[in-house]
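Heads up, data-v5.txt below (compact mmCIF, C-alpha atoms):
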```txt
# COMPACT_ATOMS: atom_id res chain seq x y z
CA MET A 1 162.17 141.77 120.53
CA THR A 2 159.50 139.33 119.29
CA PHE A 3 155.86 140.23 118.62
CA ARG A 4 153.20 137.70 119.33
CA ALA A 5 150.26 137.73 116.90
CA ARG A 6 146.85 138.62 118.36
CA HIS A 7 144.79 135.75 119.73
CA LEU A 8 142.80 133.69 117.27
CA GLN A 9 139.16 134.61 116.93
CA GLU A 10 136.43 131.97 117.40
CA ASP A 11 135.93 131.62 113.66
CA GLY A 12 139.68 131.23 113.17
CA LEU A 13 139.71 128.42 115.73
CA PHE A 14 136.77 126.80 114.01
CA GLU A 15 138.58 126.99 110.66
CA CYS A 16 141.46 125.13 112.29
CA TYR A 17 139.06 122.48 113.55
CA LEU A 18 137.43 122.13 110.13
CA ALA A 19 140.79 121.78 108.43
CA GLU A 20 141.86 119.09 110.89
CA HIS A 21 138.48 117.33 110.60
CA CYS A 22 138.72 117.25 106.80
CA GLY A 23 142.37 116.18 106.81
CA GLU A 24 143.57 119.47 105.34
CA PRO A 25 146.67 121.38 106.48
CA LEU A 26 146.12 124.29 108.87
CA GLU A 27 146.82 127.83 107.69
CA PRO A 28 150.51 128.42 108.55
CA PRO A 29 149.94 131.61 110.65
CA ALA A 30 147.18 129.92 112.67
CA ALA A 31 149.24 126.78 113.12
CA GLU A 32 152.20 128.84 114.32
CA HIS A 33 150.05 130.78 116.71
CA LEU A 34 148.55 127.62 118.18
CA THR A 35 152.03 126.30 118.76
CA ASP A 36 153.13 129.48 120.52
CA CYS A 37 150.02 130.56 122.43
CA ALA A 38 148.93 128.33 125.33
CA GLU A 39 145.68 130.23 125.79
CA CYS A 40 144.54 129.73 122.20
CA ARG A 41 145.73 126.13 122.34
CA ALA A 42 143.50 125.58 125.38
CA ARG A 43 140.52 127.24 123.65
CA TYR A 44 141.15 125.15 120.57
CA GLY A 45 141.31 122.03 122.74
CA ASP A 46 137.92 122.90 124.26
CA LEU A 47 136.35 123.41 120.86
CA ARG A 48 137.78 120.15 119.53
CA ARG A 49 136.63 118.19 122.58
CA PHE A 50 133.13 119.62 122.24
CA MET A 51 132.87 118.81 118.55
CA ASP A 52 134.40 115.36 118.97
CA ALA A 53 132.03 114.63 121.84
CA LEU A 54 129.06 115.45 119.62
CA ARG A 55 130.30 112.95 117.10
CA THR A 56 131.17 110.29 119.68
CA GLU A 57 127.73 110.64 121.23
CA ALA A 58 126.10 110.18 117.84
CA ASP A 59 128.27 107.13 117.13
CA SER A 60 127.53 105.44 120.42
CA GLU A 61 123.83 106.11 119.98
CA LEU A 62 124.00 104.60 116.52
CA ASP A 63 125.74 101.50 117.88
CA GLU A 64 122.87 101.04 120.29
CA ILE A 65 120.02 101.47 117.88
CA PHE A 66 121.68 99.89 114.88
CA PRO A 67 123.55 96.76 115.92
CA PRO A 68 125.26 94.53 113.29
CA GLU A 69 122.30 92.15 113.00
CA ARG A 70 120.06 95.12 112.23
CA GLN A 71 122.54 96.27 109.60
CA ARG A 72 122.44 92.87 107.95
CA ALA A 73 118.65 92.88 108.01
CA GLN A 74 118.63 96.30 106.39
CA GLN A 75 121.05 95.15 103.69
CA GLN A 76 118.75 92.24 102.90
CA GLN A 77 115.70 94.48 102.79
CA ILE A 78 117.44 96.89 100.44
CA ALA A 79 118.51 93.97 98.23
CA ARG A 80 114.93 92.71 98.11
CA ARG A 81 113.58 96.12 97.21
CA VAL A 82 116.27 96.71 94.60
CA GLU A 83 115.22 93.38 93.01
CA HIS A 84 112.00 95.04 91.90
CA VAL A 85 113.61 98.15 90.45
CA GLY A 86 113.53 98.01 86.66
CA HIS A 87 110.85 95.31 86.56
CA HIS A 88 107.39 96.05 85.26
CA ALA A 89 104.51 95.74 87.66
CA ARG A 90 103.56 92.11 88.16
CA VAL A 91 100.14 90.56 88.56
CA ILE A 92 100.10 88.75 91.87
CA SER A 93 99.02 85.13 91.43
CA PHE A 94 95.72 84.20 92.96
CA PRO A 95 96.16 82.57 96.38
CA GLY A 96 95.14 78.96 96.95
CA ARG A 97 97.56 77.27 94.58
CA GLN A 98 99.95 74.71 96.07
CA PRO A 99 103.50 76.17 96.22
CA GLY A 100 105.05 73.30 94.24
CA LEU A 101 102.45 73.18 91.51
CA PRO A 102 102.70 75.23 88.34
CA ALA A 103 100.32 78.15 87.97
CA PRO A 104 97.23 77.36 85.86
CA GLY A 105 98.21 80.08 83.42
CA ALA A 106 101.72 78.74 83.15
CA THR A 107 100.70 75.27 81.89
CA SER A 108 100.53 76.48 78.34
CA ARG A 109 101.05 79.77 76.63
CA VAL A 110 98.26 78.77 74.24
CA ALA A 111 95.80 79.38 77.09
CA HIS A 112 96.58 83.11 76.95
CA HIS A 113 95.72 83.20 73.26
CA TRP A 114 92.47 81.34 73.88
CA LEU A 115 91.59 83.80 76.58
CA GLY A 116 91.85 86.67 74.09
CA VAL A 117 89.90 84.79 71.43
CA ALA A 118 87.16 83.86 73.93
CA ALA A 119 86.86 87.48 75.07
CA ALA A 120 86.57 88.71 71.47
CA ALA A 121 84.03 85.99 70.64
CA GLY A 122 82.00 86.90 73.73
CA LEU A 123 81.92 90.51 72.65
CA VAL A 124 80.82 89.68 69.10
CA ILE A 125 78.11 87.31 70.34
CA GLY A 126 76.91 89.90 72.82
CA VAL A 127 76.69 92.58 70.17
CA GLY A 128 74.93 90.18 67.81
CA LEU A 129 72.37 89.12 70.38
CA GLY A 130 71.81 92.72 71.42
CA THR A 131 71.18 93.80 67.85
CA GLY A 132 68.88 90.81 67.30
CA TYR A 133 66.96 91.56 70.46
CA TYR A 134 66.36 95.16 69.53
CA SER A 135 65.40 94.30 65.97
CA LEU A 136 62.72 91.92 67.33
CA ALA A 137 61.58 94.33 70.02
CA PRO A 138 59.06 96.38 67.92
CA SER A 139 57.02 93.32 67.01
CA ARG A 140 57.06 92.19 70.68
CA ALA A 141 55.99 95.61 71.83
CA ARG A 142 53.17 95.68 69.28
CA GLN A 143 52.01 92.21 70.43
CA ALA A 144 51.99 93.38 74.05
CA VAL A 145 49.93 96.48 73.22
CA VAL A 146 47.46 94.41 71.22
CA SER A 147 47.04 91.79 73.96
CA HIS A 148 46.50 94.50 76.55
CA SER A 149 43.97 96.34 74.43
CA ILE A 150 41.94 93.13 74.09
CA ALA A 151 42.15 91.72 77.60
CA ASP A 152 42.38 94.71 79.95
CA PRO A 153 39.04 96.51 79.51
CA VAL A 154 37.14 93.32 80.32
CA GLU A 155 39.08 91.81 83.23
CA ALA A 156 40.82 94.64 85.09
CA PRO A 157 39.96 98.18 84.05
CA ALA A 158 41.80 99.71 87.02
CA LEU A 159 45.12 98.29 85.86
CA ALA A 160 44.63 99.23 82.23
CA THR A 161 46.76 102.36 82.38
CA GLU A 162 49.72 100.68 84.13
CA PRO A 163 51.30 98.78 81.25
CA ILE A 164 51.10 101.84 79.07
CA VAL A 165 52.44 104.53 81.44
CA VAL A 166 55.34 102.73 83.17
CA PRO A 167 57.16 101.36 80.12
CA ALA A 168 56.97 104.79 78.56
CA LEU A 169 58.64 106.29 81.60
CA VAL A 170 61.31 103.60 81.66
CA THR A 171 61.92 104.07 77.96
CA ASP A 172 62.32 107.81 78.46
CA VAL A 173 64.83 107.28 81.24
CA ASN A 174 66.72 104.73 79.19
CA GLU A 175 66.80 107.04 76.21
CA GLN A 176 68.01 109.89 78.34
CA PHE A 177 70.70 107.70 79.82
CA LEU A 178 71.80 106.41 76.42
CA SER A 179 71.80 109.93 75.03
CA GLU A 180 74.06 111.02 77.84
CA LEU A 181 76.35 108.13 77.05
CA GLU A 182 76.50 109.22 73.44
CA LEU A 183 77.27 112.76 74.43
CA ALA A 184 80.01 111.50 76.70
CA LEU A 185 81.45 109.43 73.86
CA GLU A 186 81.67 112.48 71.66
CA ARG A 187 83.90 114.29 74.14
CA PRO A 188 87.59 114.36 73.18
CA HIS A 189 88.89 112.63 76.33
CA THR A 190 86.94 109.47 75.58
CA SER A 191 88.37 108.97 72.11
CA GLU A 192 89.84 105.63 73.21
CA LEU A 193 86.27 104.34 73.65
CA LEU A 194 85.29 105.11 70.05
CA ALA A 195 86.22 101.62 68.82
CA LEU A 196 83.93 100.12 71.42
CA ASP A 197 81.26 102.64 70.51
CA GLU A 198 81.29 101.49 66.90
CA LEU A 199 80.45 97.96 67.99
CA THR A 200 77.44 98.98 70.06
CA PRO A 201 73.99 100.02 68.72
CA HIS A 202 73.27 103.74 69.05
CA VAL A 203 70.14 105.25 70.58
CA ARG A 204 69.12 106.83 67.33
CA GLU A 205 69.37 103.47 65.49
CA VAL A 206 67.42 101.69 68.24
CA ARG A 207 64.85 104.45 68.25
CA VAL A 208 64.36 104.09 64.50
CA GLN A 209 64.04 100.33 64.85
CA LEU A 210 61.48 100.71 67.63
CA ARG A 211 59.37 102.96 65.46
CA MET B 212 144.92 114.53 84.08
CA ALA B 213 141.51 113.50 85.41
CA PRO B 214 141.24 113.26 89.18
CA SER B 215 141.22 109.71 90.53
CA LEU B 216 137.81 108.45 91.54
CA SER B 217 137.04 107.25 95.02
CA ASP B 218 136.12 103.58 95.45
CA ASP B 219 132.41 104.21 95.85
CA THR B 220 132.32 106.52 92.85
CA ARG B 221 134.12 103.93 90.73
CA ILE B 222 131.62 101.27 91.78
CA ALA B 223 128.72 103.62 91.05
CA VAL B 224 130.07 104.28 87.55
CA GLU B 225 130.37 100.54 86.97
CA ILE B 226 126.81 100.00 88.17
CA ARG B 227 125.59 102.73 85.85
CA GLY B 228 127.31 100.96 82.94
CA LEU B 229 125.77 97.63 83.88
CA VAL B 230 122.31 99.17 84.13
CA VAL B 231 122.70 100.84 80.74
CA GLN B 232 123.74 97.47 79.25
CA GLY B 233 120.69 95.89 80.83
CA THR B 234 122.62 93.49 83.07
CA LEU B 235 120.58 94.33 86.13
CA ASP B 236 121.53 91.30 88.19
CA ALA B 237 125.21 92.19 88.01
CA ALA B 238 124.35 95.81 88.79
CA ARG B 239 122.43 94.74 91.89
CA GLU B 240 125.35 92.66 93.08
CA ARG B 241 127.70 95.61 92.78
CA PHE B 242 125.18 97.88 94.41
CA ALA B 243 125.23 95.71 97.52
CA GLU B 244 128.86 96.81 97.97
CA LEU B 245 127.82 100.46 97.92
CA VAL B 246 125.18 99.73 100.52
CA VAL B 247 127.79 98.24 102.84
CA ILE B 248 130.10 101.23 102.36
CA HIS B 249 127.51 103.92 103.06
CA GLN B 250 124.95 102.22 105.24
CA ARG B 251 126.28 103.24 108.64
CA ARG B 252 126.96 106.83 107.70
CA ALA B 253 123.51 107.05 106.10
CA MET B 254 121.88 105.67 109.21
CA ARG B 255 123.75 108.16 111.39
CA ILE B 256 122.54 111.08 109.29
CA ALA B 257 118.97 109.79 109.06
CA TYR B 258 118.76 109.09 112.76
CA GLN B 259 120.08 112.52 113.68
CA TYR B 260 117.42 114.02 111.45
CA LEU B 261 114.49 111.88 112.48
CA HIS B 262 115.28 110.67 116.02
CA ASP B 263 113.34 107.53 115.27
CA ALA B 264 115.12 104.27 114.55
CA ALA B 265 112.36 102.70 112.45
CA GLU B 266 111.77 105.83 110.41
CA ALA B 267 115.50 106.33 109.90
CA ASP B 268 115.74 102.74 108.71
CA GLU B 269 112.98 103.35 106.17
CA ALA B 270 114.53 106.62 105.03
CA VAL B 271 117.88 104.91 104.43
CA GLN B 272 116.27 102.06 102.52
CA ASP B 273 114.29 104.49 100.40
CA ALA B 274 117.42 106.50 99.63
CA PHE B 275 119.34 103.42 98.49
CA VAL B 276 116.46 102.16 96.36
CA LYS B 277 116.05 105.61 94.82
CA ALA B 278 119.78 105.85 94.16
CA PHE B 279 119.72 102.51 92.34
CA GLY B 280 116.61 103.47 90.39
CA HIS B 281 118.20 106.70 89.21
CA ILE B 282 121.79 105.52 88.84
CA GLU B 283 121.68 106.29 85.12
CA SER B 284 121.44 109.99 85.96
CA TYR B 285 124.49 109.88 88.26
CA ARG B 286 127.52 111.81 87.00
CA GLU B 287 130.97 111.27 88.47
CA ALA B 288 131.70 115.01 88.58
CA TRP B 289 130.87 114.61 92.26
CA PRO B 290 131.58 111.61 94.48
CA PHE B 291 128.80 109.10 94.79
CA GLU B 292 128.75 109.92 98.50
CA VAL B 293 127.69 113.49 97.76
CA TRP B 294 124.98 112.46 95.33
CA PHE B 295 123.64 109.80 97.64
CA THR B 296 123.70 112.10 100.69
CA ARG B 297 121.63 114.60 98.79
CA ILE B 298 119.00 111.97 98.04
CA LEU B 299 119.03 110.81 101.66
CA ILE B 300 118.70 114.28 103.13
CA ASN B 301 115.89 115.23 100.78
CA GLY B 302 114.06 112.10 101.90
CA CYS B 303 114.67 112.90 105.57
CA LEU B 304 113.45 116.47 105.11
CA ASP B 305 110.28 115.20 103.42
CA ARG B 306 109.69 112.84 106.31
CA ARG B 307 110.23 115.60 108.85
CA LYS B 308 107.79 117.81 107.01
CA SER B 309 105.09 115.16 106.86
CA ARG B 310 105.69 114.27 110.48
CA LEU B 311 105.24 117.88 111.50
CA ARG B 312 102.04 118.05 109.50
CA ARG B 313 100.77 114.92 111.25
CA ALA B 314 101.94 116.14 114.63
CA ARG B 315 100.08 119.39 114.19
CA TRP B 316 96.88 117.40 114.24
CA PHE B 317 97.56 114.27 116.21
CA VAL B 318 100.58 114.06 118.54
CA SER B 319 103.07 116.14 120.49
CA THR B 320 106.32 117.11 118.72
CA ASP B 321 108.40 117.02 121.89
CA VAL B 322 111.84 115.74 120.83
CA ALA B 323 112.62 114.09 124.13
CA HIS B 324 109.35 112.24 123.94
CA VAL B 325 110.04 111.16 120.36
CA SER B 326 113.56 109.88 120.99
CA GLU B 327 112.51 108.06 124.12
CA ASN B 328 109.76 106.29 122.29
CA ALA B 329 111.83 105.72 119.21
CA ARG B 330 114.62 103.74 120.80
CA PRO B 331 112.97 100.37 121.48
CA ALA B 332 112.44 99.74 117.77
CA PHE B 333 115.72 97.83 117.50
CA GLY B 334 116.62 97.46 121.20
CA GLY B 335 120.34 97.25 121.94
CA THR B 336 121.12 99.22 125.13
CA ALA B 337 121.51 96.13 127.26
CA ALA B 338 125.23 96.73 127.89
CA LEU B 339 124.62 99.85 130.04
CA ASP B 340 123.25 99.86 133.56
CA PRO B 341 119.89 101.61 134.03
CA GLU B 342 121.40 104.77 135.52
CA SER B 343 123.94 105.22 132.73
CA ARG B 344 121.23 104.51 130.23
CA LEU B 345 119.01 107.15 131.72
CA LEU B 346 121.83 109.69 131.78
CA ALA B 347 122.80 108.91 128.21
CA ARG B 348 119.19 109.24 127.15
CA GLU B 349 118.86 112.62 128.82
CA ARG B 350 122.12 113.83 127.34
CA ARG B 351 121.08 112.76 123.86
CA ALA B 352 117.65 114.29 124.20
CA ARG B 353 119.31 117.56 125.20
CA LEU B 354 121.69 117.34 122.27
CA ALA B 355 118.89 116.48 119.84
CA ALA B 356 116.84 119.40 121.12
CA ALA B 357 119.80 121.73 120.65
CA VAL B 358 120.43 120.51 117.09
CA ASP B 359 116.74 120.92 116.37
CA ARG B 360 116.96 124.54 117.44
CA LEU B 361 119.41 125.30 114.64
CA ASP B 362 117.69 126.89 111.70
CA GLY B 363 116.89 124.60 108.77
CA ARG B 364 119.88 125.38 106.58
CA GLN B 365 122.35 125.47 109.44
CA ARG B 366 121.08 122.13 110.68
CA THR B 367 121.36 120.48 107.29
CA ILE B 368 124.85 121.81 106.76
CA PHE B 369 125.94 120.78 110.23
CA MET B 370 124.46 117.28 109.78
CA MET B 371 126.17 116.74 106.47
CA SER B 372 129.49 117.98 107.64
CA HIS B 373 129.64 116.63 111.14
CA TYR B 374 127.63 113.41 110.89
CA GLY B 375 127.88 112.83 107.16
CA ASP B 376 131.64 113.41 106.86
CA CYS B 377 131.22 115.74 103.91
CA THR B 378 133.78 118.48 103.36
CA PRO B 379 132.54 122.09 103.15
CA ARG B 380 133.14 121.92 99.40
CA GLU B 381 130.98 118.82 99.07
CA VAL B 382 128.28 120.32 101.27
CA GLY B 383 128.35 123.38 99.03
CA ALA B 384 127.85 121.14 96.01
CA ILE B 385 124.94 119.36 97.64
CA MET B 386 123.24 122.53 98.80
CA GLY B 387 124.13 124.72 95.85
CA LEU B 388 126.06 127.13 98.07
CA LYS B 389 129.54 128.63 98.03
CA GLU B 390 132.11 126.86 100.14
CA SER B 391 132.72 130.03 102.15
CA THR B 392 128.99 130.29 102.94
CA VAL B 393 129.01 126.70 104.15
CA ARG B 394 131.95 127.46 106.45
CA VAL B 395 130.14 130.45 107.92
CA HIS B 396 127.00 128.37 108.54
CA LEU B 397 129.07 125.64 110.15
CA PHE B 398 130.80 128.07 112.45
CA ARG B 399 127.50 129.65 113.49
CA ALA B 400 125.92 126.25 114.06
CA ALA B 401 128.82 125.14 116.27
CA ARG B 402 128.75 128.39 118.21
CA LYS B 403 125.03 128.15 118.77
CA LEU B 404 125.29 124.53 119.89
CA ARG B 405 128.06 125.39 122.33
CA GLY B 406 125.92 128.17 123.69
CA LEU B 407 122.87 125.95 124.04
CA LEU B 408 124.74 123.07 125.57
CA GLY B 409 127.05 125.15 127.73
CA GLY B 410 130.18 123.75 126.10
CA GLN B 411 129.26 120.21 127.23
CA PRO B 412 127.29 117.92 124.92
```
Show this structure as structure tokens.
Amino acid sequence: MTFRARHLQEDGLFECYLAEHCGEPLEPPAAEHLTDCAECRARYGDLRRFMDALRTEADSELDEIFPPERQRAQQQQIARRVEHVGHHARVISFPGRQPGLPAPGATSRVAHHWLGVAAAAGLVIGVGLGTGYYSLAPSRARQAVVSHSIADPVEAPALATEPIVVPALVTDVNEQFLSELELALERPHTSELLALDELTPHVREVRVQLR
Amino acid sequence: MAPSLSDDTRIAVEIRGLVVQGTLDAARERFAELVVIHQRRAMRIAYQYLHDAAEADEAVQDAFVKAFGHIESYREAWPFEVWFTRILINGCLDRRKSRLRRARWFVSTDVAHVSENARPAFGGTAALDPESRLLARERRARLAAAVDRLDGRQRTIFMMSHYGDCTPREVGAIMGLKESTVRVHLFRAARKLRGLLGGQP
């Protein structure tokens, strides 16, 4: 008398499908049962057809949306994007140059050096002129006050207060602004600006010079 | 004895070596081979996740570029396929999340609507007559809706296994789960899909 094993459960059938799908051997008892039991074989067939149909559907959909020419285009796009991996960010050349002509910056590497030198020279000249301007400013201010004090009472008494009040206000605003800048420069997160700060005249120095 | 490496893993290891040496041009050339090997499978996974041809295309490109950019961190303990699939799926999940965020404010998230609109991006259904095309579209929309009704983890596991050709062991490695857990999720996903689709995809 032979005993037939109980029917395979759903999860047992699915394990069989997974094993077959992954190219692994089926568990011997399950494989034997599937050979012997027509009912389980039919259930297993249904499961396999369902799962295979899901996959076939996905494949045919992919063929439609992703034809070979699209695959090639994607390969080229990936290749183009991969070209930039590992490169540092580039400065895009300014448009308007003829494609065949060399870039203005590429004519000579010396030009890059001159650019740096010119920038440094510009900075030094700017600082020099600024300092010179402020050092001359007190005498100019005194001259202006003197000229006003002589001319204004005679010709235009109504306007006499204007040159005195407005510059004072502007000076106050400027001083406040410059003071705020100084305060900002003293904060720790602006330490990288300290070198620049050393090159520029400070409010307190200018104030002393103005007095 | 060390286990033999699959072709793609061997190529990936070579690319990593070339990148470390600084010979990037040679690395890029070799990487093109990896793209050819995995492109179709990657597109299948991305499309099943996103149901949008153009977005799937972008997701696949991003995954390949990211894989090349981080090839130095690749270790051959797992096949390149597994590593790459993980990158791809993370990218797809990010895109789904941001799409849902956008959809919450701007557009409907109806899957059938999305897949219908998504198709024309690359064209390609000219071989079928209009009726078959319509039927196929309906069938796929139904299937996509059913897959979307799987819970997040089940869906990911099902995608990787069924559309990504990963073994339960590899899926476990990608997801950080035990192989037995992956098998249980797969079984539940298949059972739910059968229930939703009435045994007919």
Q | Test item: which residues lie within 10 Å of (134.7, 116.3, 102.8) counting all atoms listed in the file, as a VMD selection string | A | (chain A and resid 18 to 19 21 to 24) or (chain B and resid 292 to 293 371 to 373 375 to 382)
Tell me, counting all atoms listed in the file, for each residue of chain A within 12 Å of chain B, which pair of atoms is nearest and how far apart they are in Å to one decimal, in rows ordered by chain and increasing number, as a tab-separated table.
```
residue	atom	partner	partner_atom	distance
A:Gln9	CA	B:Phe398	CA	11.5
A:Glu10	CA	B:Phe398	CA	8.5
A:Asp11	CA	B:Phe398	CA	6.4
A:Gly12	CA	B:Phe398	CA	9.5
A:Leu13	CA	B:Phe398	CA	9.5
A:Phe14	CA	B:Phe398	CA	6.3
A:Glu15	CA	B:Arg394	CA	7.9
A:Cys16	CA	B:Phe398	CA	11.1
A:Tyr17	CA	B:Phe398	CA	10.0
A:Leu18	CA	B:Arg394	CA	8.5
A:Ala19	CA	B:Thr378	CA	9.3
A:Glu20	CA	B:Thr378	CA	11.1
A:His21	CA	B:Thr378	CA	8.7
A:Cys22	CA	B:Thr378	CA	6.1
A:Gly23	CA	B:Thr378	CA	9.5
A:Glu24	CA	B:Thr378	CA	10.0
A:Arg43	CA	B:Gly410	CA	11.2
A:Gly45	CA	B:Gly410	CA	11.8
A:Asp46	CA	B:Gly410	CA	8.0
A:Leu47	CA	B:Gly410	CA	8.1
A:Arg48	CA	B:Gly410	CA	10.7
A:Arg49	CA	B:Gln411	CA	8.9
A:Phe50	CA	B:Gln411	CA	6.3
A:Met51	CA	B:Ala401	CA	7.9
A:Asp52	CA	B:His373	CA	9.3
A:Ala53	CA	B:Pro412	CA	6.5
A:Leu54	CA	B:Pro412	CA	6.1
A:Arg55	CA	B:Tyr374	CA	6.8
A:Thr56	CA	B:Tyr374	CA	10.0
A:Glu57	CA	B:Arg351	CA	7.5
A:Ala58	CA	B:Arg255	CA	7.2
A:Asp59	CA	B:Arg255	CA	7.4
A:Ser60	CA	B:Ala347	CA	9.8
A:Glu61	CA	B:Arg351	CA	8.2
A:Leu62	CA	B:Arg255	CA	6.2
A:Asp63	CA	B:Gly335	CA	8.0
A:Glu64	CA	B:Gly335	CA	4.8
A:Ile65	CA	B:Phe333	CA	5.6
A:Phe66	CA	B:Phe333	CA	6.8
A:Pro67	CA	B:Gly335	CA	6.8
A:Pro68	CA	B:Arg251	CA	9.9
A:Glu69	CA	B:Phe333	CA	9.8
A:Arg70	CA	B:Phe333	CA	7.3
A:Gln71	CA	B:Gln250	CA	7.8
A:Arg72	CA	B:Val247	CA	9.1
A:Ala73	CA	B:Asp268	CA	10.3
A:Gln74	CA	B:Gln272	CA	7.3
A:Gln75	CA	B:Val246	CA	6.9
A:Gln76	CA	B:Ala243	CA	9.1
A:Gln77	CA	B:Gln272	CA	7.6
A:Ile78	CA	B:Gln272	CA	5.7
A:Ala79	CA	B:Ala243	CA	7.0
A:Arg80	CA	B:Val276	CA	9.7
A:Arg81	CA	B:Val276	CA	6.7
A:Val82	CA	B:Val276	CA	5.7
A:Glu83	CA	B:Arg239	CA	7.4
A:His84	CA	B:Val276	CA	9.5
A:Val85	CA	B:Gly280	CA	6.1
A:Gly86	CA	B:Gly280	CA	7.3
A:His87	CA	B:Leu235	CA	9.8
```
Q. Contacts of Arg307 (chain B) at 12 Å or less, counting all atoms listed in the file, minus same-chain residues fewer than 2 places along, as a list in words?
A.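 Surrounding residues, per the criterion: Ala257, Tyr258, Gln259, Tyr260, Leu261, His262, Asp263, Glu266, Ala267, Ala270, Ile300, Asn301, Gly302, Cys303, Leu304, Asp305, Ser309, Arg310, Leu311, Arg312, Arg313, Ala314, Thr320, Asp359 and Gly363 of chain B.
One distance worth recording is that between CA of Ala384 (chain B) and CA of Leu407 (chain B), which is 28.9 Å.
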Q: May I have the protein, DNA and RNA residues with any atom at most 12 Å from the point (125.6, 112.3, 89.3), counting all atoms listed in the file, written as an NGL selection string?
A: :B and (220 or 223-224 or 227 or 278-279 or 281-298 or 384-385)
File of the preceding selection, C-alpha atoms, as a PDB file, in the coordinates of the input:
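The file below, part-v9.pdb, is the result:
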```pdb
ATOM      1  CA  THR B 220     132.320 106.520  92.850  1.00  0.00           C
ATOM      2  CA  ALA B 223     128.720 103.620  91.050  1.00  0.00           C
ATOM      3  CA  VAL B 224     130.070 104.280  87.550  1.00  0.00           C
ATOM      4  CA  ARG B 227     125.590 102.730  85.850  1.00  0.00           C
ATOM      5  CA  ALA B 278     119.780 105.850  94.160  1.00  0.00           C
ATOM      6  CA  PHE B 279     119.720 102.510  92.340  1.00  0.00           C
ATOM      7  CA  HIS B 281     118.200 106.700  89.210  1.00  0.00           C
ATOM      8  CA  ILE B 282     121.790 105.520  88.840  1.00  0.00           C
ATOM      9  CA  GLU B 283     121.680 106.290  85.120  1.00  0.00           C
ATOM     10  CA  SER B 284     121.440 109.990  85.960  1.00  0.00           C
ATOM     11  CA  TYR B 285     124.490 109.880  88.260  1.00  0.00           C
ATOM     12  CA  ARG B 286     127.520 111.810  87.000  1.00  0.00           C
ATOM     13  CA  GLU B 287     130.970 111.270  88.470  1.00  0.00           C
ATOM     14  CA  ALA B 288     131.700 115.010  88.580  1.00  0.00           C
ATOM     15  CA  TRP B 289     130.870 114.610  92.260  1.00  0.00           C
ATOM     16  CA  PRO B 290     131.580 111.610  94.480  1.00  0.00           C
ATOM     17  CA  PHE B 291     128.800 109.100  94.790  1.00  0.00           C
ATOM     18  CA  GLU B 292     128.750 109.920  98.500  1.00  0.00           C
ATOM     19  CA  VAL B 293     127.690 113.490  97.760  1.00  0.00           C
ATOM     20  CA  TRP B 294     124.980 112.460  95.330  1.00  0.00           C
ATOM     21  CA  PHE B 295     123.640 109.800  97.640  1.00  0.00           C
ATOM     22  CA  THR B 296     123.700 112.100 100.690  1.00  0.00           C
ATOM     23  CA  ARG B 297     121.630 114.600  98.790  1.00  0.00           C
ATOM     24  CA  ILE B 298     119.000 111.970  98.040  1.00  0.00           C
ATOM     25  CA  ALA B 384     127.850 121.140  96.010  1.00  0.00           C
ATOM     26  CA  ILE B 385     124.940 119.360  97.640  1.00  0.00           C
TER      27      ILE B 385
END
```
(Q) Just the number, please: distance in Å from CA of Asp340 (chain B) to CA of Val358 (chain B), one decimal. (A) 26.6 Å
